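> So here's target_9.txt (compact mmCIF, C-alpha atoms).
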```
# COMPACT_ATOMS: atom_id res chain seq x y z
CA MET A 1 87.87 173.09 109.75
CA GLU A 2 86.48 171.64 112.96
CA GLY A 3 85.76 168.41 114.76
CA PHE A 4 84.20 167.24 117.99
CA ILE A 5 85.25 164.90 120.79
CA SER A 6 83.58 163.94 124.04
CA LEU A 7 84.53 165.65 127.28
CA LYS A 8 85.33 162.21 128.68
CA GLN A 9 87.86 161.61 125.91
CA LEU A 10 89.70 164.87 126.59
CA LYS A 11 89.71 164.17 130.32
CA LYS A 12 91.18 160.71 129.80
CA LEU A 13 93.91 162.13 127.58
CA THR A 14 94.77 164.88 130.06
CA GLU A 15 94.93 162.47 133.00
CA PHE A 16 97.10 160.09 131.00
CA VAL A 17 99.69 162.64 129.85
CA ASP A 18 99.69 164.29 133.29
CA SER A 19 100.83 160.96 134.76
CA PHE A 20 103.13 160.08 131.87
CA CYS A 21 105.11 163.34 131.82
CA GLY A 22 105.45 163.55 135.60
CA THR A 23 106.45 166.61 137.59
CA THR A 24 110.25 166.23 137.76
CA GLU A 25 110.99 168.44 134.76
CA PRO A 26 108.37 171.17 134.03
CA SER A 27 109.65 171.68 130.46
CA HIS A 28 108.40 168.19 129.55
CA ARG A 29 104.85 168.87 130.72
CA LYS A 30 103.38 169.55 127.29
CA VAL A 31 101.34 167.77 124.64
CA THR A 32 102.01 167.88 120.90
CA PHE A 33 99.03 167.58 118.54
CA PHE A 34 99.54 166.76 114.85
CA TYR A 35 97.80 165.04 111.95
CA ASP A 36 98.88 161.64 110.65
CA LYS A 37 95.95 159.61 109.34
CA GLY A 38 93.94 161.21 112.13
CA LEU A 39 94.65 163.55 115.03
CA LYS A 40 97.57 162.20 117.06
CA VAL A 41 99.02 163.16 120.44
CA TYR A 42 102.69 162.97 121.44
CA ALA A 43 104.26 163.47 124.88
CA SER A 44 107.56 162.70 126.60
CA ASP A 45 109.16 162.80 130.03
CA GLY A 46 112.63 163.20 128.52
CA CYS A 47 113.28 159.46 128.25
CA ALA A 48 109.93 157.76 127.72
CA LYS A 49 107.88 158.86 124.69
CA MET A 50 104.29 158.08 123.78
CA LEU A 51 102.09 158.38 120.72
CA MET A 52 98.32 158.08 121.05
CA ASN A 53 95.49 158.05 118.54
CA PHE A 54 93.14 160.85 119.56
CA SER A 55 90.53 161.41 116.83
CA ARG A 56 90.13 159.83 113.39
CA ASP A 57 87.39 162.29 112.38
CA PHE A 58 89.62 165.27 111.75
CA LEU A 59 90.76 166.95 108.54
CA PRO A 60 94.50 167.05 107.69
CA PHE A 61 96.71 170.00 108.62
CA ASP A 62 100.45 170.61 108.41
CA GLY A 63 102.73 171.21 111.36
CA VAL A 64 102.32 170.64 115.08
CA SER A 65 100.55 172.42 117.92
CA ILE A 66 102.12 172.28 121.39
CA ILE A 67 99.94 172.84 124.46
CA PRO A 68 101.12 172.81 128.11
CA ILE A 69 99.33 170.20 130.20
CA ARG A 70 98.41 172.81 132.80
CA TYR A 71 96.31 174.62 130.16
CA LEU A 72 94.32 171.46 129.46
CA LYS A 73 93.82 170.93 133.19
CA GLY A 74 92.65 174.53 133.53
CA LEU A 75 90.18 174.10 130.67
CA LEU A 76 88.71 171.01 132.34
CA ARG A 77 88.73 172.27 135.91
CA GLY A 78 85.28 172.08 137.49
CA SER A 79 83.77 170.21 134.53
CA LYS A 80 81.26 167.50 135.31
CA ASN A 81 81.02 164.14 133.58
CA GLN A 82 77.83 164.89 131.70
CA LYS A 83 77.02 162.09 129.29
CA ASN A 84 76.59 164.25 126.18
CA SER A 85 79.22 166.94 126.89
CA ILE A 86 81.10 167.82 123.71
CA VAL A 87 84.44 169.58 123.16
CA LYS A 88 84.97 171.45 119.89
CA LEU A 89 88.34 171.35 118.10
CA SER A 90 88.99 173.84 115.30
CA ILE A 91 91.80 174.91 112.98
CA LEU A 92 91.51 178.69 112.52
CA GLU A 93 94.21 180.88 110.96
CA ASP A 94 97.09 178.55 111.80
CA LYS A 95 95.84 177.93 115.32
CA LEU A 96 94.41 174.89 117.03
CA GLU A 97 91.47 175.87 119.22
CA ILE A 98 89.89 173.70 121.88
CA GLU A 99 86.55 175.07 123.04
CA TYR A 100 84.46 173.92 125.99
CA ASP A 101 81.96 175.62 128.28
CA ASP A 102 82.58 179.28 127.32
CA MET A 103 86.37 178.80 127.47
CA THR A 104 88.61 178.60 124.41
CA LEU A 105 92.18 177.35 124.47
CA SER A 106 94.18 178.52 121.44
CA ALA A 107 97.65 177.33 120.42
CA GLN A 108 99.77 178.27 117.42
CA ILE A 109 100.37 175.63 114.73
CA GLN A 110 104.10 175.53 114.03
CA LYS A 111 104.29 174.51 110.38
CA GLU A 112 108.08 174.34 110.25
CA GLU A 113 108.26 172.04 113.26
CA GLU A 114 108.85 168.38 112.43
CA ILE A 115 106.43 165.72 113.60
CA PRO A 116 108.00 163.99 116.64
CA TYR A 117 109.64 160.67 115.82
CA ILE A 118 108.67 157.52 117.63
CA LEU A 119 109.56 153.91 116.83
CA LYS A 120 106.36 152.10 115.86
CA GLU A 121 107.36 148.93 114.03
CA PHE A 122 108.67 146.06 116.12
CA THR A 123 108.23 142.35 116.73
CA PRO A 124 106.18 141.71 119.90
CA LEU A 125 108.09 139.43 122.25
CA LYS A 126 105.37 138.98 124.85
CA THR A 127 101.67 139.80 125.17
CA LEU A 128 100.08 140.03 128.61
CA ASN A 129 97.35 141.74 130.59
CA ILE A 130 98.06 145.42 131.17
CA LYS A 131 97.38 145.15 134.92
CA ASP A 132 99.80 142.23 135.30
CA PHE A 133 102.50 144.29 133.61
CA TYR A 134 102.13 147.49 135.61
CA ASN A 135 101.84 145.59 138.89
CA THR A 136 105.11 143.79 138.09
CA LEU A 137 106.90 147.07 137.32
CA ASP A 138 105.19 148.92 140.17
CA TYR A 139 106.50 146.48 142.79
CA VAL A 140 110.19 146.94 141.99
CA SER A 141 110.04 150.70 141.35
CA VAL A 142 107.78 151.95 144.16
CA SER A 143 110.58 152.44 146.71
CA ALA A 144 113.33 153.65 144.36
CA ASN A 145 114.66 157.21 144.28
CA GLU A 146 115.38 159.81 141.62
CA ASP A 147 118.54 158.93 139.63
CA ASP A 148 118.03 155.22 140.37
CA PHE A 149 117.56 152.65 137.62
CA ILE A 150 115.31 149.62 137.24
CA GLU A 151 117.15 146.63 135.80
CA ILE A 152 115.40 144.51 133.17
CA TYR A 153 117.06 141.26 132.14
CA THR A 154 116.26 137.72 131.03
CA ASP A 155 117.18 134.58 132.91
CA LYS A 156 115.86 131.10 132.09
CA ASN A 157 112.88 132.33 130.03
CA LEU A 158 111.95 134.89 132.68
CA LEU A 159 111.95 138.62 132.08
CA ASN A 160 113.11 139.92 135.44
CA PHE A 161 112.64 143.41 136.82
CA ARG A 162 115.06 144.28 139.63
CA TYR A 163 115.91 147.17 141.93
CA GLN A 164 118.59 147.16 144.59
CA ASN A 165 120.07 149.47 147.19
CA GLN A 166 122.08 149.10 150.39
CA PHE A 167 119.14 147.68 152.34
CA TYR A 168 117.43 145.24 150.00
CA ILE A 169 116.88 143.83 146.51
CA LEU A 170 113.44 143.66 144.89
CA GLN A 171 112.61 141.37 141.99
CA SER A 172 109.51 140.49 139.97
CA SER A 173 109.18 138.47 136.78
CA ILE A 174 107.21 137.88 133.61
CA LYS A 175 107.20 134.26 132.45
CA ASP A 176 107.80 132.78 128.99
CA PHE A 177 110.06 135.50 127.60
CA ASN A 178 112.57 134.15 125.09
CA GLN A 179 114.68 137.04 123.76
CA GLU A 180 117.82 137.94 125.68
CA ILE A 181 117.68 141.44 127.19
CA ASN A 182 119.97 143.10 129.71
CA ILE A 183 119.10 146.78 130.12
CA LYS A 184 118.16 149.37 132.71
CA ILE A 185 115.65 152.22 132.54
CA PRO A 186 115.36 155.35 134.72
CA PHE A 187 113.27 155.01 137.86
CA THR A 188 111.32 158.16 136.99
CA SER A 189 110.19 156.77 133.64
CA ALA A 190 109.27 153.45 135.26
CA ARG A 191 106.98 155.30 137.69
CA HIS A 192 105.45 157.39 134.90
CA ILE A 193 104.70 154.23 132.90
CA VAL A 194 103.04 152.56 135.89
CA LYS A 195 100.91 155.59 136.77
CA SER A 196 99.80 156.28 133.20
CA LEU A 197 99.01 152.65 132.32
CA LYS A 198 96.74 152.53 135.38
CA LYS A 199 94.54 155.09 133.57
CA LEU A 200 93.81 152.62 130.76
CA ASN A 201 91.29 149.79 130.56
CA LYS A 202 92.60 147.07 132.88
CA ASN A 203 91.08 144.34 130.69
CA ASN A 204 93.27 145.27 127.71
CA ASN A 205 96.45 143.46 126.75
CA ILE A 206 99.78 145.05 125.93
CA ALA A 207 102.67 143.82 123.79
CA ILE A 208 106.31 144.23 124.85
CA GLY A 209 109.23 144.52 122.45
CA TYR A 210 112.84 145.63 122.29
CA LYS A 211 114.53 147.30 119.32
CA ASN A 212 117.39 149.76 118.80
CA GLU A 213 118.12 150.01 122.54
CA THR A 214 114.49 150.95 123.11
CA LEU A 215 111.92 149.15 125.24
CA LEU A 216 108.57 149.27 123.44
CA ILE A 217 105.08 148.91 124.89
CA TYR A 218 102.04 148.69 122.66
CA ALA A 219 98.43 148.99 123.83
CA PRO A 220 95.33 149.58 121.68
CA GLY A 221 95.71 153.07 120.20
CA LEU A 222 98.96 153.73 122.06
CA ILE A 223 102.68 153.06 121.71
CA MET A 224 105.47 153.89 124.15
CA ASN A 225 109.23 154.06 123.60
CA ILE A 226 111.45 153.95 126.69
CA CYS A 227 115.14 154.78 126.46
CA SER A 228 117.52 152.30 128.04
CA LYS A 229 121.16 151.75 128.91
CA GLU A 230 123.17 148.57 128.84
CA ASN A 231 123.01 147.01 132.26
CA ASP A 232 126.27 146.06 133.95
CA PHE A 233 124.46 143.17 135.57
CA LEU A 234 126.32 141.49 138.39
CA LYS A 235 125.05 138.21 139.71
CA ILE A 236 125.16 138.30 143.49
CA ASN A 237 126.62 135.21 145.11
CA PHE A 238 124.66 134.29 148.19
CA SER A 239 124.93 131.28 150.45
CA LYS A 240 122.65 128.58 149.08
CA SER A 241 121.63 126.53 152.10
CA ILE A 242 118.34 127.51 153.75
CA LEU A 243 118.53 127.55 157.54
CA GLU A 244 114.77 127.71 158.06
CA LYS A 245 111.52 128.75 156.41
CA LEU A 246 108.55 130.60 157.90
CA GLN A 247 105.16 131.56 156.47
CA ILE A 248 103.59 134.61 158.09
CA ASP A 249 100.63 136.93 157.90
CA PRO A 250 102.34 140.30 157.27
CA THR A 251 99.44 142.31 158.74
CA HIS A 252 101.19 142.69 162.11
CA LEU A 253 104.43 143.85 160.52
CA LYS A 254 102.58 146.31 158.25
CA LYS A 255 100.78 147.77 161.28
CA ALA A 256 104.07 148.18 163.15
CA LEU A 257 105.69 149.87 160.15
CA ASP A 258 102.77 152.31 159.93
CA LYS A 259 103.30 153.27 163.59
CA PHE A 260 107.06 153.67 163.14
CA TYR A 261 106.63 155.65 159.93
CA ILE A 262 104.49 158.25 161.74
CA SER A 263 106.71 158.32 164.84
CA PHE A 264 110.04 158.66 163.00
CA SER A 265 109.42 160.77 159.91
CA LYS A 266 113.02 162.00 159.53
CA ASN A 267 115.30 159.09 160.39
CA ASN A 268 113.82 156.01 158.74
CA ILE A 269 116.48 153.50 159.81
CA SER A 270 115.28 150.77 162.18
CA TYR A 271 115.92 147.12 163.05
CA LEU A 272 113.87 143.99 162.57
CA ILE A 273 114.71 141.12 164.90
CA PHE A 274 113.47 137.56 164.42
CA LYS A 275 113.94 135.13 167.31
CA GLN A 276 112.34 132.36 169.35
CA ASP A 277 108.92 132.93 170.94
CA HIS A 278 108.41 136.31 169.29
CA SER A 279 110.06 138.88 167.06
CA PHE A 280 109.99 142.66 167.16
CA LEU A 281 110.64 145.92 165.35
CA TYR A 282 113.02 148.19 167.23
CA LYS A 283 114.08 151.82 166.88
CA LYS A 284 116.26 154.07 169.02
CA GLU A 285 116.49 157.83 168.55
CA ASN A 286 118.23 160.27 170.89
CA ASP A 287 117.25 159.20 174.42
CA SER A 288 114.10 157.36 173.39
CA ASN A 289 113.39 153.97 171.92
CA ILE A 290 110.31 152.15 170.75
CA SER A 291 109.69 148.48 170.02
CA TRP A 292 106.74 146.58 168.59
CA LYS A 293 106.25 142.93 169.41
CA LEU A 294 105.51 140.66 166.45
CA PRO A 295 103.94 137.17 166.66
CA TYR A 296 106.63 135.48 164.56
CA SER A 297 108.98 132.83 165.96
CA THR A 298 112.20 131.45 164.46
CA ILE A 299 114.69 128.85 165.64
CA ASN A 300 117.68 131.14 165.22
CA GLN A 301 118.01 134.85 165.92
CA TYR A 302 118.41 137.33 163.04
CA LEU A 303 119.07 141.08 163.06
CA ILE A 304 118.17 143.03 159.90
CA LYS A 305 118.70 146.73 159.30
CA ILE A 306 115.70 148.21 157.48
CA HIS A 307 114.45 151.45 155.98
CA ILE A 308 110.97 151.93 157.46
CA ARG A 309 109.36 153.84 154.58
CA LYS A 310 110.81 151.65 151.85
CA LEU A 311 109.93 148.34 153.53
CA ARG A 312 106.44 149.71 154.16
CA SER A 313 106.11 150.66 150.47
CA TYR A 314 107.04 147.37 148.86
CA LEU A 315 105.47 145.18 151.53
CA SER A 316 102.13 146.88 150.78
CA ARG A 317 102.37 145.48 147.22
CA MET A 318 102.71 141.89 148.41
CA LYS A 319 99.47 139.90 148.50
CA GLY A 320 98.25 137.42 151.10
CA LYS A 321 100.58 135.46 153.34
CA ILE A 322 104.29 135.70 152.62
CA THR A 323 107.04 133.12 153.01
CA LEU A 324 110.39 133.97 154.59
CA PHE A 325 113.48 131.95 153.65
CA PHE A 326 116.34 132.42 156.11
CA TYR A 327 119.95 132.04 154.99
CA GLU A 328 123.19 132.90 156.77
CA ASP A 329 123.55 136.21 154.94
CA ARG A 330 120.02 137.19 153.92
CA ILE A 331 116.28 136.73 154.25
CA MET A 332 114.29 136.19 151.09
CA ILE A 333 110.61 137.16 151.17
CA LYS A 334 108.22 135.79 148.57
CA ASP A 335 104.48 136.24 148.00
CA LYS A 336 101.92 134.34 145.90
CA ASN A 337 102.74 136.45 142.81
CA ASP A 338 106.43 135.53 143.07
CA PHE A 339 107.29 139.08 144.09
CA ILE A 340 110.64 138.75 145.86
CA ALA A 341 112.45 140.92 148.41
CA ILE A 342 115.91 140.14 149.75
CA MET A 343 117.06 141.80 152.97
CA PHE A 344 120.60 141.50 154.30
CA ILE A 345 121.31 140.03 157.74
CA GLU A 346 123.61 142.11 159.94
CA GLU A 347 123.91 139.62 162.80
CA ILE A 348 122.90 136.01 163.28
CA LYS A 349 122.90 133.74 166.34
CA LEU A 350 122.55 130.09 165.49
CA VAL A 351 120.97 127.63 167.89
CA ILE A 352 123.07 124.46 167.85
```
Represent the supplied structure as structure tokens.

Amino acid sequence: MEGFISLKQLKKLTEFVDSFCGTTEPSHRKVTFFYDKGLKVYASDGCAKMLMNFSRDFLPFDGVSIIPIRYLKGLLRGSKNQKNSIVKLSILEDKLEIEYDDMTLSAQIQKEEEIPYILKEFTPLKTLNIKDFYNTLDYVSVSANEDDFIEIYTDKNLLNFRYQNQFYILQSSIKDFNQEINIKIPFTSARHIVKSLKKLNKNNNIAIGYKNETLLIYAPGLIMNICSKENDFLKINFSKSILEKLQIDPTHLKKALDKFYISFSKNNISYLIFKQDHSFLYKKENDSNISWKLPYSTINQYLIKIHIRKLRSYLSRMKGKITLFFYEDRIMIKDKNDFIAIMFIEEIKLVI
């Protein structure tokens, strides 16, 4: 029994699962092929799972065939995107064979192995553009670290995504979300979802759902299950009165952060000072110090401790001019997409 797919189709699959499985745990970097009303593909990063339709024109077979992603990448290495390039798939003597350009990849079909389970039936709670979704998740997860979690919770018909550490809090939102959710998902899976969804057609929509402690994402021909934990969400009580507000072009700050990032690759802690006439970024290390003047002026003086690389990462996701809201204990930054960053003030000098 045999079937044929385009080279482009196999490349797209390989790129997708390569991003989805990540590199953190090598044992997860594999693809499972099986038949269920067509040839299906399953992959997991240990928390997130995905099921993708691969080819409808394929005859049934029992069992599963597991292929390491590196083998697929090796098969495709050096291949050119020729319009009519075809890849042959065959079932021969209990083996799945993938043949392209004088190279044949053969994997045993394990007939006793069960087909991987994935939750497929759910009630969609929100449908939105795929790019809007991954940008929203990308913003809050880009500066997180391994073992961190991304919080996902509802508040006043908003589905909020939040990440926090000792330096800042990041938040982004999806509007018109009505079911109550309060969960957290691993940072690594959040990044794998973002990177893999970027491989899909950006004009497509996705549906989001939640069932059996699982976050579900549905796109045409694809479904994802993401494991979650109950979130011990704590509402942070900040001072409510705004001292002043400032709209800035962040280009100057981004340029300064680039310079500091190159100059101080090991110790990323620095200080951002806002004050009258001008502001500046300041860093001292050993017997040297460096400062970068910024064309931003405030009435009061504020000292904020920052992490250079992390501020650089999430600021790069903010679009256009940004607005700074100054409070006694924090600065809130907001862009046109309602991406929010909250940085904590270490010292403040008020002008009476």
> From the set A:Lys37, A:Lys275, A:Lys195, A:Lys266, which residue has the shortest atom-to-atom contact distance to A:Leu303, counting all atoms listed in the file?
A:Lys275
> In Å, how far is it from atom CA of A:Glu346 to atom CA of A:Phe167?
10.4 Å
> Considering all atoms listed in the file, return as JSON, numbers by chain whatever protein or nucleic-acid residues lie within 8 Å of A:His307, sequence-local ones (same chain, fewer than 3 positions apart) excluded.
{"A": [167, 268, 269, 270, 310, 311]}
> State, in Å with one decimal place, the distance from atom CA of A:Val87 to atom CA of A:His28.
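These two atoms are separated by 24.8 Å.
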> What does the distance from atom CA of A:Asp258 to atom CA of A:Ala190 come to in Å, to one decimal?
25.5 Å
> From the structure just shown, export stretch 214-332 of chain A with C-alpha atoms as a tab-separated table (two decimals), in the first residue's frame.

```tsv
chain	number	residue	atom	x	y	z
A	214	THR	CA	-7.12	21.19	29.63
A	215	LEU	CA	-6.74	24.30	27.49
A	216	LEU	CA	-7.79	23.45	23.93
A	217	ILE	CA	-6.85	25.20	20.70
A	218	TYR	CA	-8.46	24.25	17.42
A	219	ALA	CA	-7.26	25.35	13.98
A	220	PRO	CA	-8.24	23.89	10.59
A	221	GLY	CA	-6.88	20.33	10.52
A	222	LEU	CA	-5.23	20.68	13.94
A	223	ILE	CA	-6.12	20.40	17.61
A	224	MET	CA	-3.91	21.08	20.63
A	225	ASN	CA	-4.35	20.05	24.27
A	226	ILE	CA	-2.32	21.95	26.88
A	227	CYS	CA	-2.07	20.68	30.44
A	228	SER	CA	-2.78	23.19	33.17
A	229	LYS	CA	-2.71	23.66	36.92
A	230	GLU	CA	-5.07	25.59	39.13
A	231	ASN	CA	-3.72	29.09	39.52
A	232	ASP	CA	-3.32	30.46	43.03
A	233	PHE	CA	-4.10	33.90	41.66
A	234	LEU	CA	-3.34	36.76	43.98
A	235	LYS	CA	-4.63	40.19	43.13
A	236	ILE	CA	-1.88	42.70	43.73
A	237	ASN	CA	-2.95	45.81	45.60
A	238	PHE	CA	-1.30	48.86	44.12
A	239	SER	CA	-1.80	52.52	44.90
A	240	LYS	CA	-4.56	53.83	42.66
A	241	SER	CA	-3.79	57.51	42.19
A	242	ILE	CA	-1.79	58.41	39.07
A	243	LEU	CA	0.94	60.96	39.76
A	244	GLU	CA	1.59	61.73	36.10
A	245	LYS	CA	1.28	60.32	32.60
A	246	LEU	CA	3.77	60.45	29.73
A	247	GLN	CA	3.57	59.26	26.11
A	248	ILE	CA	6.93	58.43	24.55
A	249	ASP	CA	8.55	57.06	21.44
A	250	PRO	CA	10.38	53.99	22.82
A	251	THR	CA	12.96	53.98	20.00
A	252	HIS	CA	15.56	55.78	22.14
A	253	LEU	CA	15.08	53.40	25.05
A	254	LYS	CA	15.27	50.35	22.76
A	255	LYS	CA	18.53	51.64	21.27
A	256	ALA	CA	20.00	52.18	24.74
A	257	LEU	CA	18.97	48.68	25.83
A	258	ASP	CA	20.65	47.21	22.74
A	259	LYS	CA	23.91	48.96	23.68
A	260	PHE	CA	23.70	47.84	27.31
A	261	TYR	CA	22.81	44.28	26.32
A	262	ILE	CA	26.01	43.98	24.27
A	263	SER	CA	28.18	45.75	26.86
A	264	PHE	CA	26.95	43.77	29.89
A	265	SER	CA	26.25	40.23	28.72
A	266	LYS	CA	26.67	38.58	32.14
A	267	ASN	CA	25.16	40.92	34.72
A	268	ASN	CA	21.89	42.19	33.25
A	269	ILE	CA	20.78	44.34	36.20
A	270	SER	CA	20.62	48.08	35.52
A	271	TYR	CA	18.66	51.19	36.52
A	272	LEU	CA	16.22	53.38	34.65
A	273	ILE	CA	15.84	56.91	35.98
A	274	PHE	CA	13.07	59.28	34.95
A	275	LYS	CA	13.41	62.93	35.96
A	276	GLN	CA	13.01	66.53	34.84
A	277	ASP	CA	14.69	67.71	31.62
A	278	HIS	CA	15.90	64.24	30.67
A	279	SER	CA	16.03	60.64	31.83
A	280	PHE	CA	18.74	58.02	31.51
A	281	LEU	CA	19.70	54.37	31.68
A	282	TYR	CA	22.52	53.71	34.12
A	283	LYS	CA	24.76	50.74	34.87
A	284	LYS	CA	27.77	50.30	37.15
A	285	GLU	CA	30.04	47.27	37.05
A	286	ASN	CA	33.34	46.89	38.90
A	287	ASP	CA	35.16	50.23	38.48
A	288	SER	CA	33.28	51.27	35.35
A	289	ASN	CA	29.90	52.77	34.69
A	290	ILE	CA	27.92	53.70	31.62
A	291	SER	CA	24.86	55.90	31.18
A	292	TRP	CA	22.65	56.67	28.20
A	293	LYS	CA	20.70	59.91	28.08
A	294	LEU	CA	17.04	59.59	27.13
A	295	PRO	CA	14.82	62.45	25.84
A	296	TYR	CA	12.03	61.83	28.35
A	297	SER	CA	11.06	64.34	31.04
A	298	THR	CA	8.89	63.84	34.13
A	299	ILE	CA	7.80	66.15	36.93
A	300	ASN	CA	8.97	63.81	39.67
A	301	GLN	CA	12.05	61.60	39.83
A	302	TYR	CA	11.70	57.80	39.67
A	303	LEU	CA	14.31	55.05	40.06
A	304	ILE	CA	13.45	51.62	38.62
A	305	LYS	CA	15.59	48.49	38.81
A	306	ILE	CA	15.46	46.61	35.50
A	307	HIS	CA	16.71	43.44	33.84
A	308	ILE	CA	18.25	44.61	30.56
A	309	ARG	CA	17.60	41.51	28.46
A	310	LYS	CA	14.05	40.98	29.68
A	311	LEU	CA	12.99	44.62	29.27
A	312	ARG	CA	14.55	44.57	25.81
A	313	SER	CA	12.59	41.40	24.93
A	314	TYR	CA	9.10	42.50	25.87
A	315	LEU	CA	9.55	46.12	24.82
A	316	SER	CA	10.34	44.87	21.30
A	317	ARG	CA	6.82	43.38	21.17
A	318	MET	CA	5.14	46.71	21.91
A	319	LYS	CA	3.96	48.64	18.86
A	320	GLY	CA	4.13	52.37	18.17
A	321	LYS	CA	4.26	54.98	20.90
A	322	ILE	CA	3.75	53.79	24.46
A	323	THR	CA	2.11	55.50	27.41
A	324	LEU	CA	3.68	55.52	30.87
A	325	PHE	CA	1.46	55.87	33.94
A	326	PHE	CA	3.42	56.82	37.06
A	327	TYR	CA	2.19	55.81	40.52
A	328	GLU	CA	3.92	55.96	43.89
A	329	ASP	CA	4.91	52.30	43.77
A	330	ARG	CA	5.02	51.40	40.08
A	331	ILE	CA	5.10	52.48	36.46
A	332	MET	CA	2.56	50.97	34.12
```
